[in-house]
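A.B. asks: Compact mmCIF, C-alpha atoms, saved as my_file_35.txt, coming up:
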```
# COMPACT_ATOMS: atom_id res chain seq x y z
CA MET A 29 -72.57 161.39 137.79
CA TRP A 30 -73.34 158.92 140.60
CA ILE A 31 -71.55 155.61 140.93
CA GLY A 32 -73.10 152.91 143.09
CA VAL A 33 -71.07 150.08 144.52
CA SER A 34 -72.37 146.63 145.42
CA ASP A 35 -71.81 147.17 149.16
CA GLY A 36 -74.32 150.00 149.13
CA THR A 37 -71.86 152.86 149.12
CA TRP A 38 -71.74 155.42 146.39
CA THR A 39 -69.65 158.24 145.07
CA ARG A 40 -70.60 161.34 143.16
CA ASN A 41 -68.40 163.02 140.56
CA VAL A 42 -68.42 166.80 140.71
CA THR A 43 -67.66 168.53 137.43
CA GLY A 44 -65.75 171.80 137.42
CA ILE A 45 -66.42 174.95 135.41
CA GLY A 46 -64.21 173.71 132.59
CA GLY A 47 -66.23 170.52 132.25
CA ASP A 48 -63.52 168.30 133.73
CA LEU A 49 -63.71 166.22 136.88
CA ALA A 50 -63.06 168.53 139.86
CA ALA A 51 -63.94 166.52 142.95
CA ILE A 52 -65.43 163.24 144.17
CA GLN A 53 -67.86 163.07 147.04
CA THR A 54 -68.54 159.82 148.91
CA ASN A 55 -71.69 158.72 150.65
CA THR A 56 -70.15 159.80 153.95
CA GLY A 57 -69.99 163.35 152.69
CA ALA A 58 -66.19 163.45 152.35
CA VAL A 59 -65.00 165.35 149.33
CA THR A 60 -61.72 164.70 147.54
CA VAL A 61 -60.45 167.35 145.15
CA GLN A 62 -59.03 165.99 141.89
CA LEU A 63 -55.97 167.83 140.62
CA THR A 64 -55.30 167.46 136.89
CA ASN A 65 -52.46 168.36 134.56
CA LEU A 66 -52.83 170.05 131.18
CA HIS A 67 -53.38 166.72 129.45
CA GLY A 68 -56.40 166.06 131.62
CA ASP A 69 -54.77 163.40 133.84
CA VAL A 70 -55.60 163.36 137.54
CA VAL A 71 -52.09 163.48 139.05
CA ALA A 72 -53.00 164.08 142.68
CA THR A 73 -55.94 164.24 145.03
CA ALA A 74 -56.47 166.23 148.21
CA ASN A 75 -59.14 166.01 150.86
CA ASP A 76 -61.41 169.00 150.93
CA THR A 77 -61.04 169.90 154.57
CA THR A 78 -59.65 172.90 156.38
CA THR A 79 -57.07 170.78 158.17
CA VAL A 80 -55.48 169.11 155.17
CA SER A 81 -51.74 169.65 154.96
CA SER A 82 -50.70 167.31 152.15
CA ILE A 83 -52.06 165.55 149.13
CA ALA A 84 -54.07 162.41 149.70
CA SER A 85 -52.67 160.44 146.79
CA PHE A 86 -50.66 160.92 143.66
CA ALA A 87 -50.41 159.10 140.37
CA ASP A 88 -48.55 159.46 137.16
CA SER A 89 -48.63 157.62 133.90
CA THR A 90 -46.86 157.33 130.60
CA GLU A 91 -48.20 159.20 127.61
CA PHE A 92 -50.14 156.07 126.65
CA GLY A 93 -51.63 155.75 130.13
CA VAL A 94 -49.50 153.08 131.80
CA PRO A 95 -49.33 153.90 135.54
CA VAL A 96 -45.91 154.84 136.92
CA PHE A 97 -45.00 155.98 140.42
CA ALA A 98 -48.47 155.08 141.51
CA SER A 99 -49.42 155.53 145.12
CA ALA A 100 -50.66 152.51 147.05
CA ALA A 101 -53.42 151.84 144.58
CA TYR A 102 -53.83 153.51 141.23
CA PRO A 103 -57.02 155.55 141.57
CA ARG A 104 -60.15 155.10 139.54
CA TYR A 105 -59.35 158.32 137.72
CA GLY A 106 -55.74 158.73 136.66
CA TRP A 107 -54.71 159.03 133.04
CA LEU A 108 -57.37 161.22 131.39
CA GLY A 109 -59.21 161.06 134.72
CA GLY A 110 -60.13 164.70 134.32
CA LYS A 111 -62.23 163.54 131.38
CA GLU A 112 -63.72 160.85 133.64
CA ARG A 113 -62.10 158.01 131.77
CA SER A 114 -62.03 155.22 134.32
CA ALA A 115 -59.37 152.56 134.76
CA ASP A 116 -61.57 150.47 137.06
CA THR A 117 -61.95 147.71 134.53
CA LEU A 118 -60.11 144.43 134.90
CA GLY A 119 -56.53 144.40 133.79
CA GLY A 120 -56.12 148.16 133.84
CA LEU A 121 -58.05 148.73 130.66
CA VAL A 122 -59.60 152.14 130.13
CA LEU A 123 -63.16 152.54 128.96
CA MET A 124 -62.96 155.10 126.14
CA GLY A 125 -66.50 155.64 124.98
CA ALA A 126 -67.28 153.03 122.40
CA ARG A 127 -64.19 150.90 123.01
CA LEU A 128 -61.81 149.50 125.63
CA TYR A 129 -58.29 150.83 125.50
CA ASN A 130 -55.18 148.96 126.66
CA PRO A 131 -52.49 151.44 127.81
CA LEU A 132 -49.80 148.72 127.76
CA THR A 133 -50.10 148.26 124.02
CA GLY A 134 -51.43 151.70 123.14
CA ARG A 135 -54.19 150.02 121.20
CA PHE A 136 -57.93 149.62 121.44
CA LEU A 137 -59.30 146.10 121.82
CA GLN A 138 -62.06 146.69 119.29
CA ILE A 139 -61.94 148.10 115.81
CA ASP A 140 -62.68 151.76 115.19
CA PRO A 141 -66.38 152.15 114.30
CA VAL A 142 -65.35 155.12 112.15
CA VAL A 143 -63.47 153.87 109.12
CA GLY A 144 -60.33 155.91 108.50
CA GLY A 145 -60.51 157.73 111.83
CA ASN A 146 -56.97 156.77 112.80
CA ALA A 147 -53.88 155.21 111.26
CA ASN A 148 -55.44 151.76 111.58
CA ALA A 149 -58.50 150.15 113.09
CA TYR A 150 -56.94 149.63 116.58
CA ASP A 151 -54.53 152.54 116.74
CA TYR A 152 -54.87 155.24 119.41
CA CYS A 153 -54.52 158.79 118.11
CA THR A 154 -52.23 157.79 115.25
CA GLY A 155 -49.40 157.19 117.75
CA ASP A 156 -49.56 160.72 119.16
CA PRO A 157 -51.18 160.46 122.62
CA ILE A 158 -49.58 163.67 123.88
CA ASN A 159 -51.21 166.00 121.39
CA CYS A 160 -54.30 163.97 120.72
CA THR A 161 -57.10 162.42 122.69
CA ASP A 162 -59.71 159.96 121.52
CA LEU A 163 -62.20 160.07 124.34
CA ASP A 164 -65.07 158.32 122.64
CA GLY A 165 -62.94 155.72 120.88
CA ARG A 166 -64.15 156.75 117.50
CA TRP A 167 -61.44 158.89 116.00
CA GLY A 168 -58.77 161.38 116.90
CA TRP A 169 -59.59 165.06 117.04
CA ARG A 170 -56.85 165.67 114.49
CA SER A 171 -58.71 163.45 112.08
CA VAL A 172 -61.89 165.36 112.81
CA LEU A 173 -60.17 168.64 112.06
CA LYS A 174 -58.42 167.24 109.04
CA TRP A 175 -61.53 165.75 107.49
CA THR A 176 -63.60 168.77 108.43
CA ALA A 177 -61.03 170.93 106.70
CA LEU A 178 -60.99 168.76 103.60
CA ALA A 179 -64.79 168.67 103.49
CA GLY A 180 -64.67 172.42 103.92
CA ALA A 181 -62.38 172.64 100.88
CA VAL A 182 -64.91 170.93 98.66
CA VAL A 183 -67.89 172.78 100.05
CA GLY A 184 -66.02 176.07 100.03
CA ALA A 185 -64.83 175.63 96.49
CA ALA A 186 -68.32 174.71 95.38
CA ALA A 187 -69.95 177.54 97.29
CA CYS A 188 -67.68 180.16 95.80
CA GLY A 189 -67.42 178.38 92.49
CA ALA A 190 -68.12 181.61 90.61
CA THR A 191 -64.41 182.34 90.59
CA ILE A 192 -61.48 180.01 90.40
CA VAL A 193 -59.45 182.53 92.41
CA CYS A 194 -61.92 182.21 95.24
CA GLY A 195 -61.66 178.44 95.05
CA ILE A 196 -57.89 178.63 95.23
CA VAL A 197 -58.00 180.99 98.20
CA VAL A 198 -60.28 178.57 99.98
CA GLY A 199 -57.93 175.75 99.06
CA VAL A 200 -54.88 177.58 100.43
CA ALA A 201 -56.65 178.41 103.67
CA VAL A 202 -57.95 174.89 104.08
CA ALA A 203 -54.58 173.30 103.30
CA ALA A 204 -52.92 175.50 105.89
CA THR A 205 -55.61 174.65 108.44
CA ALA A 206 -55.25 170.97 107.70
CA TYR A 207 -51.48 171.19 108.20
CA VAL A 208 -51.89 173.00 111.50
CA ALA A 209 -54.52 170.52 112.62
CA GLU A 210 -52.31 167.59 111.82
CA ASN A 211 -48.93 168.83 112.93
CA ALA A 212 -49.24 171.69 115.41
CA GLY A 213 -47.25 171.00 118.56
CA THR A 214 -45.71 167.81 117.21
CA SER A 215 -42.21 166.99 116.05
CA ASN A 216 -43.54 166.91 112.48
CA TRP A 217 -44.21 170.64 112.49
CA SER A 218 -42.02 172.87 110.36
CA TRP A 219 -42.62 176.28 108.89
CA THR A 220 -41.19 175.07 105.61
CA GLY A 221 -43.68 172.25 105.50
CA PHE A 222 -46.45 174.61 106.47
CA GLY A 223 -45.46 177.06 103.73
CA LEU A 224 -45.11 174.39 101.09
CA GLN A 225 -48.43 172.83 101.92
CA ALA A 226 -50.19 176.18 102.18
CA LEU A 227 -48.80 177.51 98.90
CA GLY A 228 -48.10 174.54 96.68
CA GLY A 229 -50.55 172.00 98.03
CA GLY A 230 -53.07 174.70 98.76
CA LEU A 231 -53.07 176.07 95.23
CA GLU A 232 -53.28 172.60 93.83
CA GLY A 233 -55.92 171.61 96.37
CA GLY A 234 -57.99 174.69 95.69
CA ALA A 235 -57.94 174.22 91.96
CA GLY A 236 -58.46 170.51 92.41
CA ALA A 237 -61.37 171.01 94.75
CA ALA A 238 -62.99 173.39 92.31
CA THR A 239 -62.48 170.88 89.53
CA ILE A 240 -63.83 168.06 91.64
CA ALA A 241 -66.84 170.11 92.58
CA ALA A 242 -67.43 170.94 88.95
CA LYS A 243 -67.09 167.30 87.95
CA VAL A 244 -69.42 166.21 90.72
CA PHE A 245 -72.03 168.57 89.39
CA LYS A 246 -71.32 167.35 85.90
CA VAL A 247 -71.66 163.71 86.87
CA HIS A 248 -74.96 164.51 88.48
CA GLY A 249 -76.27 165.61 85.15
CA PHE A 250 -76.47 169.35 85.48
CA PHE A 251 -74.10 169.89 82.61
CA ARG A 252 -73.04 166.99 80.49
CA SER A 253 -71.34 168.36 77.45
CA LYS A 254 -67.78 168.85 76.37
CA ARG A 255 -68.42 172.51 75.79
CA VAL A 256 -69.05 173.06 79.47
CA VAL A 257 -66.21 172.66 81.95
CA GLY A 258 -68.64 172.50 84.85
CA GLY A 259 -71.46 174.28 86.55
CA PHE A 260 -74.66 173.93 88.44
CA ARG A 261 -78.21 175.15 88.69
CA TYR A 262 -79.73 176.80 91.69
CA VAL A 263 -82.90 178.49 92.80
CA SER A 264 -82.41 182.21 93.29
CA LYS A 265 -84.10 183.21 96.52
CA SER A 266 -83.95 186.90 95.66
CA HIS A 267 -85.44 186.45 92.18
CA GLY A 268 -87.50 183.35 92.81
CA ASN A 269 -86.47 181.59 89.63
CA LEU A 270 -84.17 178.86 88.45
CA ARG A 271 -80.71 180.02 87.50
CA TYR A 272 -77.50 178.46 86.37
CA LEU A 273 -73.81 179.13 86.54
CA LYS A 274 -71.36 177.38 84.28
CA LEU A 275 -67.83 177.67 83.00
CA ASP A 276 -67.58 177.35 79.25
CA HIS A 277 -64.71 176.62 76.92
CA PRO A 278 -63.65 179.33 74.46
CA ASP A 279 -65.79 179.67 71.34
CA HIS A 280 -65.95 181.82 68.23
CA ILE A 281 -67.52 184.67 70.19
CA ARG A 282 -65.28 184.62 73.26
CA PRO A 283 -61.81 183.20 72.73
CA TYR A 284 -61.31 182.58 76.44
CA TYR A 285 -62.82 180.49 79.21
CA HIS A 286 -65.84 182.32 80.49
CA TRP A 287 -68.42 182.00 83.19
CA VAL A 288 -72.05 182.41 82.31
CA ARG A 289 -74.73 183.25 84.80
CA GLY A 290 -78.20 182.87 83.43
CA LYS A 291 -81.77 182.14 84.23
CA ILE A 292 -84.23 179.55 83.07
CA SER A 293 -87.71 180.76 82.34
CA GLY A 294 -90.89 179.00 83.35
CA ARG A 295 -91.00 177.37 79.91
CA GLY A 296 -87.44 176.20 80.23
CA SER A 297 -85.73 178.65 77.89
CA HIS A 298 -82.26 179.80 78.85
CA LYS A 299 -81.27 183.43 79.02
CA ALA A 300 -77.74 184.58 79.74
CA LEU A 301 -77.62 187.29 82.36
CA TYR A 302 -73.93 188.01 82.79
CA HIS A 303 -70.62 186.89 81.40
CA TYR A 304 -67.42 186.79 83.36
CA ASN A 305 -63.91 185.99 82.31
CA TRP A 306 -62.28 182.98 83.92
CA ARG A 307 -61.01 185.10 86.81
CA GLY A 308 -64.51 186.13 87.67
CA ARG A 309 -64.40 189.67 86.30
CA MET A 310 -67.62 190.71 84.64
CA VAL A 311 -67.11 191.29 80.94
CA GLU A 312 -70.74 191.86 79.93
CA MET B 19 -67.86 186.08 55.93
CA ASN B 20 -70.65 188.36 57.07
CA LEU B 21 -72.36 187.62 60.34
CA TYR B 22 -75.77 188.99 61.29
CA HIS B 23 -77.22 189.00 64.76
CA THR B 24 -80.93 188.30 64.71
CA HIS B 25 -83.51 188.55 67.45
CA PRO B 26 -87.20 189.47 67.57
CA SER B 27 -86.46 192.52 69.71
CA PHE B 28 -84.37 194.34 67.12
CA GLY B 29 -84.62 192.37 63.88
CA THR B 30 -81.45 191.54 62.01
CA ILE B 31 -78.28 193.64 62.21
CA ILE B 32 -74.74 193.10 61.06
CA PHE B 33 -72.35 191.70 63.66
CA ARG B 34 -68.72 192.74 63.35
CA SER B 35 -67.36 192.03 66.79
CA LEU B 36 -68.50 191.52 70.32
CA ALA B 37 -67.15 194.95 71.29
CA GLU B 38 -69.24 196.65 68.60
CA SER B 39 -72.38 194.69 69.31
CA PRO B 40 -75.06 196.98 70.76
CA PHE B 41 -76.80 194.12 72.59
CA GLY B 42 -74.06 191.61 73.35
CA VAL B 43 -74.05 188.07 72.03
CA PRO B 44 -76.01 186.46 73.46
CA MET B 45 -78.05 189.39 74.65
CA VAL B 46 -77.85 189.99 78.34
CA GLU B 47 -80.89 191.14 80.22
CA ASP B 48 -79.85 194.69 81.04
CA ARG B 49 -79.05 195.41 77.39
CA TYR B 50 -82.41 194.39 75.96
CA PRO B 51 -84.35 197.11 74.14
CA THR B 52 -86.67 198.67 76.70
CA TRP B 53 -89.90 197.64 75.04
CA TRP B 54 -88.70 194.05 74.92
CA ALA B 55 -87.58 194.05 78.54
CA ASP B 56 -91.04 195.27 79.53
CA LEU B 57 -92.69 192.17 78.05
CA ASP B 58 -93.47 189.31 80.35
CA GLU B 59 -91.31 186.25 80.07
CA ARG B 60 -93.97 184.10 78.42
CA THR B 61 -94.51 186.65 75.66
CA GLN B 62 -90.76 186.85 75.10
CA ASP B 63 -90.52 183.07 74.83
CA GLU B 64 -93.41 182.92 72.37
CA ALA B 65 -91.87 185.70 70.28
CA ILE B 66 -88.57 183.83 70.13
CA ASP B 67 -90.37 180.66 69.07
CA ILE B 68 -92.19 182.51 66.29
CA TRP B 69 -89.12 184.38 65.12
CA PHE B 70 -86.69 181.51 64.88
CA THR B 71 -89.23 179.04 63.58
CA ALA B 72 -89.80 181.45 60.71
CA ILE B 73 -86.08 181.94 60.09
CA ILE B 74 -85.23 178.25 60.09
CA ALA B 75 -88.23 177.46 57.92
CA GLU B 76 -86.95 180.07 55.48
CA LEU B 77 -83.47 178.53 55.54
CA LEU B 78 -85.07 175.15 54.88
CA LYS B 79 -86.80 176.56 51.83
CA LEU B 80 -83.62 178.17 50.57
CA PHE B 81 -81.19 175.33 51.15
CA GLY B 82 -83.22 172.13 51.40
CA TRP B 83 -82.26 169.72 54.22
CA LEU B 84 -80.51 171.24 57.18
CA HIS B 85 -77.97 169.47 59.31
CA VAL B 86 -78.13 170.48 62.97
CA ARG B 87 -75.39 169.99 65.53
CA MET B 88 -76.36 170.86 69.09
CA VAL B 89 -74.35 170.83 72.28
CA VAL B 90 -76.84 169.90 74.96
CA SER B 91 -75.84 170.09 78.60
CA PHE B 92 -78.98 169.66 80.63
CA LYS B 93 -80.17 166.10 80.74
CA GLU B 94 -83.81 167.11 80.43
CA GLU B 95 -82.93 168.97 77.25
CA ARG B 96 -81.28 165.81 75.96
CA ARG B 97 -84.48 163.97 76.70
CA ARG B 98 -86.43 166.63 74.86
CA VAL B 99 -84.19 166.23 71.82
CA GLU B 100 -84.97 162.53 71.79
CA GLU B 101 -88.69 163.19 72.20
CA LYS B 102 -88.82 165.72 69.38
CA PHE B 103 -86.62 163.78 67.00
CA PRO B 104 -87.12 160.10 67.78
CA GLY B 105 -84.91 157.94 65.66
CA HIS B 106 -83.25 160.92 64.01
CA THR B 107 -80.80 161.83 66.73
CA ARG B 108 -77.28 160.77 67.44
CA HIS B 109 -75.72 161.62 70.79
CA LYS B 110 -72.03 161.65 71.50
CA GLY B 111 -70.39 163.42 74.41
CA GLY B 112 -73.28 165.80 74.96
CA VAL B 113 -73.51 166.60 71.25
CA ALA B 114 -76.71 165.80 69.38
CA THR B 115 -76.80 165.74 65.62
CA LEU B 116 -80.02 165.62 63.65
CA VAL B 117 -81.50 166.50 60.31
CA ILE B 118 -84.33 168.97 59.64
CA ASP B 119 -86.04 167.85 56.49
CA SER B 120 -89.51 169.32 56.86
CA GLU B 121 -91.14 172.43 58.21
CA GLU B 122 -93.07 170.34 60.73
CA SER B 123 -89.91 169.53 62.66
CA VAL B 124 -88.73 173.16 62.95
CA PRO B 125 -90.90 174.12 65.98
CA GLY B 126 -89.53 171.08 67.79
CA LEU B 127 -86.02 172.33 67.20
CA VAL B 128 -86.74 175.82 68.54
CA SER B 129 -88.29 174.36 71.68
CA ILE B 130 -84.95 172.85 72.69
CA ASN B 131 -82.51 174.89 74.75
CA PRO B 132 -79.00 173.82 73.81
CA ASP B 133 -75.73 175.46 74.87
CA GLU B 134 -74.50 175.76 71.34
CA THR B 135 -76.03 175.08 67.96
CA THR B 136 -74.70 175.02 64.43
CA ILE B 137 -77.02 174.61 61.46
CA SER B 138 -75.41 173.82 58.15
CA THR B 139 -76.60 172.95 54.71
CA VAL B 140 -76.30 169.51 53.17
CA ASP B 141 -73.02 170.54 51.54
CA GLY B 142 -71.56 171.61 54.91
CA ARG B 143 -71.98 175.38 54.69
CA VAL B 144 -72.78 176.86 58.11
CA VAL B 145 -75.81 179.16 57.85
CA LEU B 146 -76.76 179.73 61.47
CA SER B 147 -75.03 179.36 64.80
CA PHE B 148 -75.42 180.41 68.34
CA VAL B 149 -73.73 179.99 71.65
CA GLU B 150 -75.46 179.79 75.01
CA CYS B 151 -79.07 180.37 74.06
CA TRP B 152 -81.49 181.61 71.44
CA GLU B 153 -80.67 185.18 72.48
CA GLY B 154 -77.43 185.02 70.52
CA VAL B 155 -78.27 183.65 67.07
CA LEU B 156 -75.89 184.63 64.27
CA LEU B 157 -76.65 184.14 60.58
CA HIS B 158 -73.64 183.31 58.42
CA ASP B 159 -73.62 184.99 55.03
CA PRO B 160 -77.40 185.01 54.87
CA PRO B 161 -79.06 185.59 51.51
CA ALA B 162 -80.13 189.21 51.04
CA GLU B 163 -83.80 188.28 50.92
CA LEU B 164 -83.55 186.63 54.30
CA VAL B 165 -81.96 189.71 55.85
CA ALA B 166 -84.53 191.94 54.21
CA ARG B 167 -87.41 189.87 55.47
CA PHE B 168 -86.21 189.80 59.07
CA ARG B 169 -84.60 193.24 59.20
CA ASN B 170 -87.24 194.77 61.45
CA PRO B 171 -88.28 193.73 64.97
CA LEU B 172 -91.19 191.37 65.41
CA GLN B 173 -94.51 193.14 65.70
CA ILE B 174 -96.12 191.95 68.88
CA LYS B 175 -99.79 192.80 69.33
```
In structure tokens, write the structure found in this file.

C.D. replies:
Amino acid sequence: MWIGVSDGTWTRNVTGIGGDLAAIQTNTGAVTVQLTNLHGDVVATANDTTTVSSIASFADSTEFGVPVFASAAYPRYGWLGGKERSADTLGGLVLMGARLYNPLTGRFLQIDPVVGGNANAYDYCTGDPINCTDLDGRWGWRSVLKWTALAGAVVGAAACGATIVCGIVVGVAVAATAYVAENAGTSNWSWTGFGLQALGGGLEGGAGAATIAAKVFKVHGFFRSKRVVGGFRYVSKSHGNLRYLKLDHPDHIRPYYHWVRGKISGRGSHKALYHYNWRGRMVE
Amino acid sequence: MNLYHTHPSFGTIIFRSLAESPFGVPMVEDRYPTWWADLDERTQDEAIDIWFTAIIAELLKLFGWLHVRMVVSFKEERRRVEEKFPGHTRHKGGVATLVIDSEESVPGLVSINPDETTISTVDGRVVLSFVECWEGVLLHDPPAELVARFRNPLQIK
């Protein structure tokens, strides 16, 4: 990235192998190495010459990005400088993608364009700037993981909807992932909480997700009768015909919940292909 | 109560339990009689239409009006019910109820693919039922002449 200045000078940002800012070169050819910490903050710079014997500048900041112990002038790239988030704007604001961020208040100045991305519309990383970054100002990575995991629960439960056990397994895995995503490395983390969420919430979530998926299909008109708990139709790629899968209530033939996999002929007639008990074991 | 499983591929046989059923109820594809499985799907569908139209027409003759209760899941099947029986259908919670009072309306009934169907006489006696599809039709205490007439498989030329 090249940055031009009104007096005709320019600087060039050099990106390292890891994708973070590694050095800055000026129009005179001088190169300054940018030294970052694990959070991605540029904490010191050093001139890239063979004669250098000390750092050129240093900077530190609070977890929300307020400069502390700054050298003569806080550099363009300090807090999250490794991610090329610049504090050049007036008043020490940081340009974070879509929005301006004020380190003094720990809040963005504009509302989050992604509804529900953080705790509120102006909040930064749900109050957890150490374990979270929000580089584009749209939502925290924890939220991304969390919502991805929850979306995965629904999709996973629907995709393996042939067996409730499968849906529950997906639910357990997703609940555990969601807990890790939300709490790993924070003071909220506990193995008890992890276990409870993975087992209790996971089982409930898995069953719930399967039920939701079934109801979604039902609402969309695939199966709209009280006899059918839920199900869906699909096109079989291997057989090239329309098929269906549904979970039925007990009846006078089978006194237990049972899955039915069947096909629909070209004329629309239904033919049952296989029956499974509610756990997914083939019974016929 | 005696139950009989009836299907054009094997005729009409007594049904005692699912475990004893040679074909399953409803029949599943890999348990069809071989000659039936070898037929193309269109021929199978036509045979089922012919077979059950004849059975229900016979029940109509024997018992007069028939009361039909169908559980219909697919919305296009619900539409088909309304098309075939305009003004004679009541829907509630995916259940359609209608009356068969003439032979002309029987083919319309067989063309519908419900999830469950119960046909009873005017006095409430169930004479035919099936779950899932027309591959699993059971006759309830059918008159001997009905069993005799449909004992053998359908002759398909």

A.B. asks: Could you tell me how far CA of Lys79 in chain B lies from CA of Ile118 in chain B, in Å and to one decimal?

C.D. replies: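 About the pair CA of Lys79 in chain B and CA of Ile118 in chain B: they are 11.2 Å apart.
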
A.B. asks: I want to know what sits within 7 Å of Leu63 in chain A, based on all atoms listed in the file, with residues of the same chain fewer than 6 positions away left out; could you give that as number ranges by chain?

C.D. replies: A: 70-73

A.B. asks: Near chain A, which residues of chain B fall within 8 Å when you count only C-alpha atoms, and what do they look like as a list in words?

C.D. replies: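 Selected residues: Leu36, Gly42, Val43, Pro44, Met45, Val46, Glu47, Asp48, Glu59, Arg60, Asp63, Val89, Val90, Ser91, Phe92, Lys93, Gly111, Gly112, Val113, Ser129, Ile130, Asn131, Asp133, Val149, Glu150, Cys151, Trp152 and Glu153 of chain B.
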
A.B. asks: May I ask for the distance between CA of Val42 in chain A and CA of Gly119 in chain A, given in Å to one decimal place?

C.D. replies: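 Separation between CA of Val42 in chain A and CA of Gly119 in chain A: 26.3 Å.
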
A.B. asks: Taking all atoms listed in the file into account, which of A:Pro95, A:Tyr207, A:Asn159, A:Asp76 comes nearest Gly221 in chain A?

C.D. replies: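 Between A:Pro95, A:Tyr207, A:Asn159, A:Asp76, the residue approaching Gly221 in chain A most closely is A:Tyr207.
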
A.B. asks: Separation of CA of Ala126 in chain A and CA of Asp140 in chain A, in Å?

C.D. replies: 8.6 Å

A.B. asks: So that I can see what lies close to Glu121 in chain B, please list as a list of chain:residue names the residues with an atom at most 9 Å from it, counting all atoms listed in the file and leaving out residues fewer than 5 positions away in the same chain.

C.D. replies: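 Answer for this query is B:Thr71, B:Ile74, B:Ala75, B:Leu78, B:Lys79.
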
A.B. asks: Which polymer residues, whether protein, DNA or RNA, lie within 7 Å of the coordinate (-71.9, 189.2, 51.7) when you count only C-alpha atoms? List them as a list in words, using the chain letters and numbers from the file.

C.D. replies: Met19, Asn20 and Asp159 of chain B

A.B. asks: Given the choices A:Pro283, A:Leu273, A:Gly93, A:Val198, which gets closest to Gly308 in chain A if the distance is worked out from only C-alpha atoms?

C.D. replies: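 Using only C-alpha atoms, the shortest distance to Gly308 in chain A belongs to A:Leu273.
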
A.B. asks: Considering only C-alpha atoms, state which residue in the set A:Lys111, A:His67, A:Arg127, A:His286 is at the smallest distance from Val311 in chain A.

C.D. replies: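 Of the candidates, the smallest distance to Val311 in chain A is held by A:His286.
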
A.B. asks: Taking only C-alpha atoms into account, which of B:Asp58, B:Pro40, B:Ser138, B:Trp69 comes nearest Gln173 in chain B?

C.D. replies: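 Of all the options, B:Trp69 lies closest to Gln173 in chain B.
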
A.B. asks: Given all atoms listed in the file as the basis, pick out the residue of B:Arg96, B:Arg34, B:Val86, B:Phe28 nearest to Thr52 in chain B.

C.D. replies: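 Looking only at the distances to Thr52 in chain B, the closest residue turns out to be B:Phe28.
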
A.B. asks: Each side padded by 6 Å, which centre and which edge lengths in Å (one decimal) define the axis-aligned box around the listed atoms of range 31-36 of chain B? Give them as AutoDock Vina command-line options.

C.D. replies:
```
--center_x -72.8 --center_y 192.6 --center_z 65.7 --size_x 22.9 --size_y 14.1 --size_z 21.3
```
